[in-house]
file protein-v5.cif (mmCIF, C-alpha atoms)
data_input
loop_
_atom_site.group_PDB
_atom_site.id
_atom_site.type_symbol
_atom_site.label_atom_id
_atom_site.label_comp_id
_atom_site.auth_asym_id
_atom_site.auth_seq_id
_atom_site.Cartn_x
_atom_site.Cartn_y
_atom_site.Cartn_z
ATOM 1 C CA MET O 1006 0.000 0.000 0.000
ATOM 2 C CA ILE O 1007 1.181 3.519 -0.801
ATOM 3 C CA MET O 1008 1.861 5.113 2.576
ATOM 4 C CA ASN O 1009 2.179 8.743 1.491
ATOM 5 C CA GLU O 1010 -1.432 9.360 0.453
ATOM 6 C CA THR O 1011 -2.702 11.695 3.130
ATOM 7 C CA VAL O 1012 -5.786 10.870 5.180
ATOM 8 C CA SER O 1013 -7.637 13.737 6.843
ATOM 9 C CA ILE O 1014 -9.079 13.142 10.293
ATOM 10 C CA LEU O 1015 -12.218 15.266 10.590
ATOM 11 C CA LEU O 1016 -12.944 16.206 14.208
ATOM 12 C CA SER O 1017 -16.034 18.134 15.293
ATOM 13 C CA LEU O 1018 -15.976 19.764 18.750
ATOM 14 C CA TYR O 1019 -18.920 20.822 20.886
ATOM 15 C CA LYS O 1020 -18.112 21.746 24.479
ATOM 16 C CA PRO O 1021 -15.710 18.813 24.842
ATOM 17 C CA ASP O 1022 -14.746 17.221 28.128
ATOM 18 C CA PRO O 1023 -11.006 18.063 28.378
ATOM 19 C CA ASP O 1024 -9.993 14.653 29.748
ATOM 20 C CA TYR O 1025 -11.922 12.723 27.106
ATOM 21 C CA LEU O 1026 -10.622 14.973 24.338
ATOM 22 C CA LYS O 1027 -7.042 14.508 25.529
ATOM 23 C CA GLN O 1028 -7.429 10.726 25.401
ATOM 24 C CA GLN O 1029 -8.866 10.948 21.896
ATOM 25 C CA LEU O 1030 -6.101 13.245 20.639
ATOM 26 C CA LEU O 1031 -3.363 11.060 22.087
ATOM 27 C CA SER O 1032 -4.872 8.042 20.359
ATOM 28 C CA LEU O 1033 -4.883 9.957 17.065
ATOM 29 C CA ASN O 1034 -1.237 10.890 17.560
ATOM 30 C CA ARG O 1035 -0.387 7.197 18.023
ATOM 31 C CA GLN O 1036 -1.774 6.198 14.625
ATOM 32 C CA SER O 1037 0.616 3.928 12.735
ATOM 33 C CA TYR O 1038 -0.314 5.357 9.348
ATOM 34 C CA PRO O 1039 2.302 8.058 8.663
ATOM 35 C CA SER O 1040 0.612 10.619 6.402
ATOM 36 C CA LEU O 1041 -2.189 12.360 8.289
ATOM 37 C CA LYS O 1042 -3.784 15.754 8.798
ATOM 38 C CA LEU O 1043 -6.272 16.770 11.491
ATOM 39 C CA ILE O 1044 -9.018 19.232 10.545
ATOM 40 C CA VAL O 1045 -10.977 20.575 13.515
ATOM 41 C CA TRP O 1046 -14.327 22.340 13.448
ATOM 42 C CA ASN O 1047 -15.374 24.167 16.619
ATOM 43 C CA ASP O 1048 -19.176 24.002 16.701
ATOM 44 C CA SER O 1049 -19.414 25.675 20.112
ATOM 45 C CA PRO O 1050 -17.916 29.119 19.407
ATOM 46 C CA SER O 1051 -18.724 30.328 22.935
ATOM 47 C CA VAL O 1052 -16.171 27.785 24.199
ATOM 48 C CA PRO O 1053 -12.711 28.575 22.770
ATOM 49 C CA ILE O 1054 -10.523 25.726 21.558
ATOM 50 C CA ASP O 1055 -7.727 24.810 23.931
ATOM 51 C CA HIS O 1056 -4.916 25.178 21.387
ATOM 52 C CA GLN O 1057 -2.294 24.231 23.958
ATOM 53 C CA LEU O 1058 -3.983 20.854 24.416
ATOM 54 C CA PHE O 1059 -3.687 20.184 20.695
ATOM 55 C CA THR O 1060 -0.063 21.360 20.662
ATOM 56 C CA ASP O 1061 0.783 19.034 23.537
ATOM 57 C CA CYS O 1062 -1.086 16.005 22.173
ATOM 58 C CA ILE O 1063 -0.667 16.190 18.402
ATOM 59 C CA THR O 1064 3.008 16.145 17.497
ATOM 60 C CA ASN O 1065 3.137 13.842 14.463
ATOM 61 C CA PHE O 1066 1.043 15.714 11.880
ATOM 62 C CA PRO O 1067 -0.420 19.167 11.174
ATOM 63 C CA VAL O 1068 -3.676 20.523 12.582
ATOM 64 C CA GLU O 1069 -6.104 23.015 11.012
ATOM 65 C CA PHE O 1070 -8.736 24.887 13.035
ATOM 66 C CA HIS O 1071 -12.001 26.246 11.647
ATOM 67 C CA GLU O 1072 -15.154 27.908 12.968
ATOM 68 C CA ASP O 1073 -17.565 30.617 11.844
ATOM 69 C CA GLY O 1074 -19.121 31.834 15.081
ATOM 70 C CA LYS O 1075 -22.229 29.650 14.786
ATOM 71 C CA ASN O 1076 -23.488 26.394 16.219
ATOM 72 C CA HIS O 1077 -24.535 24.276 13.235
ATOM 73 C CA GLY O 1078 -25.267 20.958 14.908
ATOM 74 C CA TYR O 1079 -23.614 17.592 14.557
ATOM 75 C CA CYS O 1080 -24.474 16.699 10.963
ATOM 76 C CA GLU O 1081 -23.819 20.115 9.438
ATOM 77 C CA ALA O 1082 -20.518 20.436 11.301
ATOM 78 C CA PHE O 1083 -19.310 17.243 9.638
ATOM 79 C CA GLU O 1084 -20.618 18.498 6.308
ATOM 80 C CA LYS O 1085 -18.416 21.579 6.679
ATOM 81 C CA LEU O 1086 -15.447 19.413 7.611
ATOM 82 C CA THR O 1087 -16.053 17.185 4.599
ATOM 83 C CA SER O 1088 -16.170 20.189 2.282
ATOM 84 C CA LEU O 1089 -12.880 21.471 3.740
ATOM 85 C CA CYS O 1090 -11.053 18.218 3.080
ATOM 86 C CA ASP O 1091 -8.450 18.332 0.286
ATOM 87 C CA THR O 1092 -6.818 14.912 0.719
ATOM 88 C CA PRO O 1093 -7.674 11.651 -1.117
ATOM 89 C CA TYR O 1094 -9.202 9.998 1.955
ATOM 90 C CA LEU O 1095 -10.984 11.064 5.097
ATOM 91 C CA THR O 1096 -12.093 9.551 8.371
ATOM 92 C CA TYR O 1097 -14.642 10.954 10.824
ATOM 93 C CA CYS O 1098 -13.782 11.531 14.469
ATOM 94 C CA ASP O 1099 -15.816 12.333 17.580
ATOM 95 C CA GLN O 1100 -14.363 14.166 20.568
ATOM 96 C CA ASP O 1101 -14.485 11.523 23.272
ATOM 97 C CA ASP O 1102 -13.636 8.102 21.842
ATOM 98 C CA ILE O 1103 -10.289 6.275 21.639
ATOM 99 C CA TRP O 1104 -8.759 4.791 18.501
ATOM 100 C CA HIS O 1105 -6.586 1.709 18.095
ATOM 101 C CA PRO O 1106 -3.147 2.648 16.642
ATOM 102 C CA ASP O 1107 -3.843 0.705 13.427
ATOM 103 C CA LYS O 1108 -7.341 2.077 12.840
ATOM 104 C CA ILE O 1109 -6.517 4.220 9.817
ATOM 105 C CA LYS O 1110 -3.858 1.906 8.374
ATOM 106 C CA ASN O 1111 -5.998 -1.221 8.473
ATOM 107 C CA CYS O 1112 -9.108 0.506 7.145
ATOM 108 C CA LEU O 1113 -7.215 2.112 4.265
ATOM 109 C CA GLU O 1114 -5.487 -1.160 3.396
ATOM 110 C CA THR O 1115 -8.855 -2.910 3.198
ATOM 111 C CA LEU O 1116 -10.462 -0.130 1.173
ATOM 112 C CA LYS O 1117 -7.659 -0.188 -1.399
ATOM 113 C CA LYS O 1118 -7.496 -3.985 -1.555
ATOM 114 C CA ASP O 1119 -11.247 -4.202 -2.205
ATOM 115 C CA HIS O 1120 -11.429 -1.081 -4.414
ATOM 116 C CA SER O 1121 -14.229 0.132 -2.165
ATOM 117 C CA LEU O 1122 -15.471 3.665 -1.630
ATOM 118 C CA GLU O 1123 -15.665 3.149 2.129
ATOM 119 C CA ALA O 1124 -14.270 0.864 4.807
ATOM 120 C CA VAL O 1125 -16.023 0.322 8.146
ATOM 121 C CA CYS O 1126 -14.380 -1.276 11.169
ATOM 122 C CA ASP O 1127 -15.850 -3.048 14.163
ATOM 123 C CA ARG O 1128 -16.014 -1.149 17.447
ATOM 124 C CA ALA O 1129 -15.646 -1.907 21.130
ATOM 125 C CA ILE O 1130 -17.692 -0.132 23.811
ATOM 126 C CA ILE O 1131 -16.206 1.613 26.837
ATOM 127 C CA ASP O 1132 -17.976 3.462 29.633
ATOM 128 C CA GLY O 1133 -17.391 6.964 30.945
ATOM 129 C CA GLN O 1134 -14.402 5.783 32.961
ATOM 130 C CA GLY O 1135 -12.821 3.989 30.008
ATOM 131 C CA LYS O 1136 -13.734 0.510 31.258
ATOM 132 C CA LEU O 1137 -14.364 -2.048 28.540
ATOM 133 C CA VAL O 1138 -18.069 -2.890 28.365
ATOM 134 C CA GLN O 1139 -18.191 -4.806 25.085
ATOM 135 C CA ALA O 1140 -15.141 -6.126 23.244
ATOM 136 C CA SER O 1141 -16.834 -6.349 19.850
ATOM 137 C CA VAL O 1142 -20.212 -5.005 18.779
ATOM 138 C CA ARG O 1143 -20.178 -7.140 15.641
ATOM 139 C CA HIS O 1144 -19.623 -10.409 17.484
ATOM 140 C CA SER O 1145 -22.109 -9.579 20.242
ATOM 141 C CA SER O 1146 -24.989 -8.474 18.042
ATOM 142 C CA ARG O 1147 -27.717 -10.291 16.155
ATOM 143 C CA GLN O 1148 -28.805 -7.188 14.243
ATOM 144 C CA HIS O 1149 -28.353 -7.247 10.481
ATOM 145 C CA ASN O 1150 -27.057 -3.674 10.432
ATOM 146 C CA GLU O 1151 -24.199 -4.726 12.730
ATOM 147 C CA THR O 1152 -23.358 -8.077 11.119
ATOM 148 C CA TRP O 1153 -23.535 -7.464 7.347
ATOM 149 C CA GLU O 1154 -20.912 -9.124 5.210
ATOM 150 C CA SER O 1155 -18.099 -7.114 3.676
ATOM 151 C CA LEU O 1156 -18.795 -6.006 0.082
ATOM 152 C CA SER O 1157 -22.462 -7.017 0.264
ATOM 153 C CA ASP O 1158 -25.036 -4.528 -1.012
ATOM 154 C CA ILE O 1159 -26.180 -2.779 2.176
ATOM 155 C CA THR O 1160 -27.975 0.102 0.438
ATOM 156 C CA ILE O 1161 -31.527 -0.871 1.416
ATOM 157 C CA LEU O 1162 -30.550 -2.040 4.902
ATOM 158 C CA ASN O 1163 -28.732 1.237 5.546
ATOM 159 C CA THR O 1164 -31.690 3.260 4.279
ATOM 160 C CA PHE O 1165 -33.808 2.298 7.272
ATOM 161 C CA LEU O 1166 -31.076 1.495 9.820
ATOM 162 C CA CYS O 1167 -27.450 2.575 10.222
ATOM 163 C CA CYS O 1168 -24.745 0.175 9.081
ATOM 164 C CA ALA O 1169 -21.740 2.331 9.990
ATOM 165 C CA ASN O 1170 -21.073 4.615 12.938
ATOM 166 C CA GLY O 1171 -19.083 7.729 12.080
ATOM 167 C CA LEU O 1172 -15.969 6.857 14.079
ATOM 168 C CA CYS O 1173 -15.729 3.525 12.221
ATOM 169 C CA ILE O 1174 -15.681 5.036 8.711
ATOM 170 C CA LEU O 1175 -12.818 5.733 6.337
ATOM 171 C CA ALA O 1176 -13.879 6.827 2.847
ATOM 172 C CA GLU O 1177 -12.729 8.280 -0.421
ATOM 173 C CA THR O 1178 -13.038 12.035 -0.091
ATOM 174 C CA LYS O 1179 -14.618 12.441 -3.531
ATOM 175 C CA ALA O 1180 -17.368 9.983 -2.594
ATOM 176 C CA ALA O 1181 -18.122 11.747 0.692
ATOM 177 C CA GLN O 1182 -18.146 15.148 -0.995
ATOM 178 C CA ALA O 1183 -20.566 13.857 -3.648
ATOM 179 C CA CYS O 1184 -23.141 13.594 -0.814
ATOM 180 C CA ILE O 1185 -23.014 17.329 -0.013
ATOM 181 C CA PRO O 1186 -25.292 18.867 1.077
ATOM 182 C CA PHE O 1187 -25.951 16.288 3.773
ATOM 183 C CA ILE O 1188 -29.595 15.837 4.689
ATOM 184 C CA LYS O 1189 -30.631 17.060 8.124
ATOM 185 C CA LYS O 1190 -32.802 14.244 9.468
ATOM 186 C CA THR O 1191 -30.085 11.633 9.641
ATOM 187 C CA GLY O 1192 -26.422 11.390 10.543
ATOM 188 C CA HIS O 1193 -23.547 12.162 8.209
ATOM 189 C CA ASP O 1194 -22.357 8.582 8.641
ATOM 190 C CA LYS O 1195 -25.587 7.028 7.405
ATOM 191 C CA TRP O 1196 -25.865 9.418 4.439
ATOM 192 C CA VAL O 1197 -22.253 8.934 3.292
ATOM 193 C CA THR O 1198 -22.540 5.164 3.671
ATOM 194 C CA LEU O 1199 -25.752 5.181 1.633
ATOM 195 C CA TYR O 1200 -23.966 6.888 -1.236
ATOM 196 C CA CYS O 1201 -20.899 4.637 -1.063
ATOM 197 C CA ALA O 1202 -22.997 1.466 -0.933
ATOM 198 C CA SER O 1203 -25.195 2.454 -3.871
ATOM 199 C CA HIS O 1204 -22.424 3.877 -6.067
ATOM 200 C CA GLY O 1205 -19.733 1.315 -5.282
ATOM 201 C CA THR O 1206 -18.959 -1.082 -2.469
ATOM 202 C CA VAL O 1207 -18.395 -0.845 1.275
ATOM 203 C CA SER O 1208 -15.829 -3.054 3.003
ATOM 204 C CA PHE O 1209 -16.018 -4.309 6.565
ATOM 205 C CA VAL O 1210 -12.860 -4.642 8.647
ATOM 206 C CA ASP O 1211 -13.554 -7.366 11.194
ATOM 207 C CA GLN O 1212 -11.439 -5.814 13.934
ATOM 208 C CA PRO O 1213 -12.586 -3.535 16.791
ATOM 209 C CA LEU O 1214 -10.299 -0.646 15.878
ATOM 210 C CA VAL O 1215 -12.149 2.051 17.836
ATOM 211 C CA TYR O 1216 -13.421 2.322 21.391
ATOM 212 C CA TYR O 1217 -16.787 4.048 21.415
ATOM 213 C CA ARG O 1218 -17.424 5.820 24.702
ATOM 214 C CA ARG O 1219 -20.968 5.336 25.931
ATOM 215 C CA HIS O 1220 -22.021 7.765 28.658
ATOM 216 C CA GLY O 1221 -24.473 6.785 31.378
ATOM 217 C CA SER O 1222 -27.484 4.647 30.477
ATOM 218 C CA ASN O 1223 -28.197 4.914 26.790
ATOM 219 C CA VAL O 1224 -31.586 4.105 25.302
ATOM 220 C CA SER O 1225 -30.466 2.801 21.972
ATOM 221 C CA GLY O 1226 -31.828 2.082 18.548
ATOM 222 C CA ILE O 1227 -35.380 2.755 17.448
ATOM 223 C CA MET O 1228 -36.601 3.638 20.962
ATOM 224 C CA LYS O 1229 -34.305 6.592 21.605
ATOM 225 C CA GLY O 1230 -36.410 9.736 21.967
ATOM 226 C CA VAL O 1231 -39.689 7.857 21.467
ATOM 227 C CA ASN O 1232 -42.459 8.259 24.070
ATOM 228 C CA CYS O 1233 -45.552 7.225 22.102
ATOM 229 C CA LYS O 1234 -46.575 5.738 18.757
ATOM 230 C CA LYS O 1235 -46.824 9.173 17.156
ATOM 231 C CA ASP O 1236 -43.222 9.921 18.171
ATOM 232 C CA TYR O 1237 -42.036 6.794 16.420
ATOM 233 C CA TYR O 1238 -43.928 7.460 13.216
ATOM 234 C CA THR O 1239 -42.947 11.137 13.178
ATOM 235 C CA SER O 1240 -39.259 10.807 14.004
ATOM 236 C CA ARG O 1241 -38.239 7.439 12.607
ATOM 237 C CA LEU O 1242 -40.455 7.204 9.556
ATOM 238 C CA GLY O 1243 -40.228 10.954 9.013
ATOM 239 C CA ALA O 1244 -36.467 10.598 8.719
ATOM 240 C CA ALA O 1245 -36.873 7.640 6.378
ATOM 241 C CA GLN O 1246 -39.188 9.690 4.178
ATOM 242 C CA GLN O 1247 -36.590 12.413 3.833
ATOM 243 C CA ILE O 1248 -33.813 9.934 3.107
ATOM 244 C CA VAL O 1249 -35.760 8.077 0.424
ATOM 245 C CA GLY O 1250 -37.154 11.268 -1.082
ATOM 246 C CA GLU O 1251 -33.794 12.999 -1.291
ATOM 247 C CA PHE O 1252 -32.015 9.913 -2.592
ATOM 248 C CA ALA O 1253 -34.632 9.488 -5.341
ATOM 249 C CA LYS O 1254 -34.351 13.171 -6.233
ATOM 250 C CA ARG O 1255 -30.565 13.152 -6.557
ATOM 251 C CA TRP O 1256 -30.113 9.726 -8.107
ATOM 252 C CA PRO O 1257 -33.464 8.883 -9.761
ATOM 253 C CA ASN O 1258 -32.051 6.147 -11.985
ATOM 254 C CA ASP O 1259 -30.473 4.189 -9.174
ATOM 255 C CA LYS O 1260 -31.677 0.582 -9.095
ATOM 256 C CA HIS O 1261 -32.469 0.795 -5.372
ATOM 257 C CA VAL O 1262 -34.999 3.634 -5.587
ATOM 258 C CA SER O 1263 -38.118 1.555 -6.252
ATOM 259 C CA ILE O 1264 -37.239 -0.896 -3.474
ATOM 260 C CA MET O 1265 -36.718 1.993 -1.045
ATOM 261 C CA GLN O 1266 -40.034 3.565 -2.013
ATOM 262 C CA ASN O 1267 -41.997 0.304 -1.724
ATOM 263 C CA ALA O 1268 -40.506 -0.488 1.677
ATOM 264 C CA LEU O 1269 -41.234 3.019 2.922
ATOM 265 C CA ALA O 1270 -44.809 2.965 1.649
ATOM 266 C CA ALA O 1271 -45.455 -0.328 3.447
ATOM 267 C CA GLN O 1272 -44.169 1.088 6.728
ATOM 268 C CA LEU O 1273 -46.223 4.267 6.352
ATOM 269 C CA SER O 1274 -49.363 2.204 5.729
ATOM 270 C CA HIS O 1275 -49.257 0.823 9.302
ATOM 271 C CA ASP O 1276 -50.648 -2.372 7.734
ATOM 272 C CA PRO O 1277 -49.049 -5.520 9.239
ATOM 273 C CA ILE O 1278 -49.557 -7.523 6.054
ATOM 274 C CA LYS O 1279 -47.911 -4.900 3.852
ATOM 275 C CA ILE O 1280 -45.064 -4.551 6.340
ATOM 276 C CA PHE O 1281 -44.534 -8.313 6.334
ATOM 277 C CA LYS O 1282 -44.255 -8.328 2.544
ATOM 278 C CA VAL O 1283 -41.229 -5.977 2.680
ATOM 279 C CA ARG O 1284 -39.531 -7.813 5.549
ATOM 280 C CA LYS O 1285 -36.366 -8.456 3.522
ATOM 281 C CA ALA O 1286 -35.828 -4.713 3.244
ATOM 282 C CA ILE O 1287 -36.286 -4.117 6.988
ATOM 283 C CA PRO O 1288 -35.220 -7.393 8.655
ATOM 284 C CA ASP O 1289 -34.577 -5.833 12.069
ATOM 285 C CA LEU O 1290 -37.727 -3.705 12.051
ATOM 286 C CA TYR O 1291 -40.638 -5.561 10.530
ATOM 287 C CA LEU O 1292 -41.705 -7.602 13.564
ATOM 288 C CA PHE O 1293 -41.627 -4.526 15.776
ATOM 289 C CA GLN O 1294 -43.551 -2.435 13.257
ATOM 290 C CA MET O 1295 -46.170 -5.161 12.735
ATOM 291 C CA ALA O 1296 -46.719 -5.318 16.490
ATOM 292 C CA LEU O 1297 -46.749 -1.535 16.781
ATOM 293 C CA ALA O 1298 -49.464 -1.261 14.120
ATOM 294 C CA VAL O 1299 -51.930 -3.264 16.252
ATOM 295 C CA CYS O 1300 -50.741 -2.199 19.715
ATOM 296 C CA PRO O 1301 -52.948 0.364 21.512
ATOM 297 C CA ASP O 1302 -51.031 3.538 22.304
ATOM 298 C CA PRO O 1303 -51.584 3.327 26.119
ATOM 299 C CA LEU O 1304 -50.044 -0.155 26.159
ATOM 300 C CA PHE O 1305 -47.150 1.046 24.025
ATOM 301 C CA ARG O 1306 -46.517 3.976 26.386
ATOM 302 C CA LEU O 1307 -46.468 1.591 29.337
ATOM 303 C CA ALA O 1308 -43.926 -0.657 27.604
ATOM 304 C CA LEU O 1309 -41.737 2.370 26.907
ATOM 305 C CA LYS O 1310 -41.765 3.390 30.551
ATOM 306 C CA VAL O 1311 -40.519 -0.056 31.491
ATOM 307 C CA LEU O 1312 -37.833 0.102 28.793
ATOM 308 C CA HIS O 1313 -36.594 3.546 29.845
ATOM 309 C CA LYS O 1314 -36.246 2.392 33.467
ATOM 310 C CA LYS O 1315 -33.885 -0.402 32.532
#

call {"tool": "encode", "arguments": {"input": "protein-v5.cif", "output": "structure tokens"}}
result
Amino acid sequence: MIMNETVSILLSLYKPDPDYLKQQLLSLNRQSYPSLKLIVWNDSPSVPIDHQLFTDCITNFPVEFHEDGKNHGYCEAFEKLTSLCDTPYLTYCDQDDIWHPDKIKNCLETLKKDHSLEAVCDRAIIDGQGKLVQASVRHSSRQHNETWESLSDITILNTFLCCANGLCILAETKAAQACIPFIKKTGHDKWVTLYCASHGTVSFVDQPLVYYRRHGSNVSGIMKGVNCKKDYYTSRLGAAQQIVGEFAKRWPNDKHVSIMQNALAAQLSHDPIKIFKVRKAIPDLYLFQMALAVCPDPLFRLALKVLHKK
């Protein structure tokens, strides 16, 4: 592998915890891949960047700092970082995780070997104190969006779920920039992966090369932020509507468009039979959505209260 092709690490900051940020920066500085650049976007302009922290922690490659005096939010901040990137490859970075030294090297090697537009690595989970909670998400999960096979077509699966967390992604810069502007109702990671999967291939690196820091008790997946049936249909299916609509608008001739639209229409119908018919498109969702369609809202609210207490 050519080792002098520069990879940009795109880091978005929003009121970072200094200790967590220091650990993240030190892990970036320990990367074994030699040709790197760090591009930082400060999305909390009322909190100045601690430039001394970066000077102390990042000694092996250059750092660029950017901000415009506004808080744009998570997705738009990464859009701005993506647009600023001028290197052949990029990788997304949050402010409080920890990376394995070979994260960039191994992901780039796999991407180039497979001629993929994107490579996604497995991740481990740590808690707020850095204690290992889960050694491998991939090998602990039964969800299709966590266990898909490398180079398989994950376009439809990723439309309705997320097959790649941002910190796990390394992609061709041109592919990521082809997604700009990013849509607002989903994450930058899901949108970039959707493009890469539909316009090329996505590789999976079966190694936990990042440590994702999970704070406190997280309510994960489809139940996060949902308190009633209306919340689910508005937030989750509302986001899916925007994703499918925007994808069809930008790439109308893509072979996946009709499948996306049919699967979305079935979910919006709230008809268990129609949902069952598109089960291959939403393998981790269809049973839940079939049950939700016939479940009275008071019973659903009660189940949510139990879930949130766990």

call {"tool": "closest_residue", "arguments": {"input": "protein-v5.cif", "among": "O:Asn1047, O:Ser1121, O:Thr1096, O:Thr1206", "to": "O:Gly1078", "atoms": "only C-alpha atoms"}}
result
O:Asn1047

call {"tool": "residues_around", "arguments": {"input": "protein-v5.cif", "residues": "stretch 1108-1110 of chain O", "least_positions_apart": "6", "cutoff": "8 Å", "atoms": "only C-alpha atoms", "output": "list of chain:residue names"}}
result
O:Gln1036, O:Ser1037, O:Tyr1038, O:Thr1096, O:Cys1126, O:Leu1175, O:Leu1214, O:Val1215

call {"tool": "write_last_selection", "arguments": {"input": "protein-v5.cif", "atoms": "C-alpha atoms", "output": "CSV table (one decimal), in the frame of the given file"}}
result
chain,number,residue,atom,x,y,z
O,1036,GLN,CA,-1.8,6.2,14.6
O,1037,SER,CA,0.6,3.9,12.7
O,1038,TYR,CA,-0.3,5.4,9.3
O,1096,THR,CA,-12.1,9.6,8.4
O,1126,CYS,CA,-14.4,-1.3,11.2
O,1175,LEU,CA,-12.8,5.7,6.3
O,1214,LEU,CA,-10.3,-0.6,15.9
O,1215,VAL,CA,-12.1,2.1,17.8

call {"tool": "atom_distance", "arguments": {"input": "protein-v5.cif", "atom1": "atom CA of O:Ser1013", "atom2": "atom CA of O:Tyr1217"}}
result
19.7 Å

call {"tool": "axis_aligned_box", "arguments": {"input": "protein-v5.cif", "around": "stretch 1088-1102 of chain O", "padding_each_side": "6 Å", "output": "JSON"}}
result
{"center_x": -11.5, "center_y": 14.8, "center_z": 11.1, "size_x": 21.4, "size_y": 25.4, "size_z": 36.4}

call {"tool": "residues_around", "arguments": {"input": "protein-v5.cif", "residues": "O:Ile1185", "least_positions_apart": "6", "cutoff": "9 Å", "atoms": "only C-alpha atoms", "output": "ChimeraX atom specification"}}
result
/O:1084,1087-1088

call {"tool": "atom_distance", "arguments": {"input": "protein-v5.cif", "atom1": "atom CA of O:Gly1171", "atom2": "atom CA of O:Leu1041"}}
result
17.9 Å

call {"tool": "residues_near_point", "arguments": {"input": "protein-v5.cif", "point": "(-1.7, 10.7, 5.4)", "cutoff": "9 Å", "atoms": "all atoms listed in the file", "output": "PyMOL selection string"}}
result
chain O and resi 1008-1013+1038-1042+1066+1092-1094

call {"tool": "atom_distance", "arguments": {"input": "protein-v5.cif", "atom1": "atom CA of O:Asp1127", "atom2": "atom CA of O:Val1249"}}
result
26.6 Å

call {"tool": "residues_around", "arguments": {"input": "protein-v5.cif", "residues": "O:Leu1033", "least_positions_apart": "2", "cutoff": "9 Å", "atoms": "all atoms listed in the file", "output": "list in words"}}
result
Ile1014, Gln1028, Gln1029, Leu1030, Leu1031, Arg1035, Gln1036, Leu1043, Cys1062, Ile1063, Ile1103, Trp1104, His1105 and Pro1106 of chain O

call {"tool": "resolve_selection", "arguments": {"input": "protein-v5.cif", "expression": "the PyMOL selection byres ((chain O and resi 1098) around 8)", "output": "JSON, numbers by chain"}}
result
{"O": [1014, 1015, 1016, 1017, 1096, 1097, 1099, 1100, 1171, 1172]}

call {"tool": "closest_residue", "arguments": {"input": "protein-v5.cif", "among": "O:Asn1232, O:Asn1258, O:Ser1208, O:Gln1266", "to": "O:Leu1307", "atoms": "all atoms listed in the file"}}
result
O:Asn1232

call {"tool": "closest_residue", "arguments": {"input": "protein-v5.cif", "among": "O:Pro1301, O:Ile1278, O:Asp1101, O:Phe1209", "to": "O:Glu1154", "atoms": "all atoms listed in the file"}}
result
O:Phe1209

call {"tool": "resolve_selection", "arguments": {"input": "protein-v5.cif", "expression": "the PyMOL selection byres ((chain O and resi 1191) around 9)", "output": "PyMOL selection string"}}
result
chain O and resi 1080+1187-1190+1192-1196+1244-1245+1247-1248

call {"tool": "resolve_selection", "arguments": {"input": "protein-v5.cif", "expression": "the PyMOL selection byres ((chain O and resi 1067-1075) around 9)", "output": "ChimeraX atom specification"}}
result
/O:1041-1051,1054,1059-1060,1063-1066,1076-1077,1086

call {"tool": "closest_residue", "arguments": {"input": "protein-v5.cif", "among": "O:Asn1267, O:Gln1272, O:Tyr1019, O:Asp1259", "to": "O:Gly1243", "atoms": "only C-alpha atoms"}}
result
O:Gln1272

call {"tool": "closest_residue", "arguments": {"input": "protein-v5.cif", "among": "O:Gln1294, O:Thr1115, O:Thr1152, O:Gln1212", "to": "O:Ala1176", "atoms": "all atoms listed in the file"}}
result
O:Thr1115

call {"tool": "closest_residue", "arguments": {"input": "protein-v5.cif", "among": "O:Gly1230, O:Asp1119, O:Leu1156, O:Arg1241", "to": "O:Lys1310", "atoms": "all atoms listed in the file"}}
result
O:Gly1230
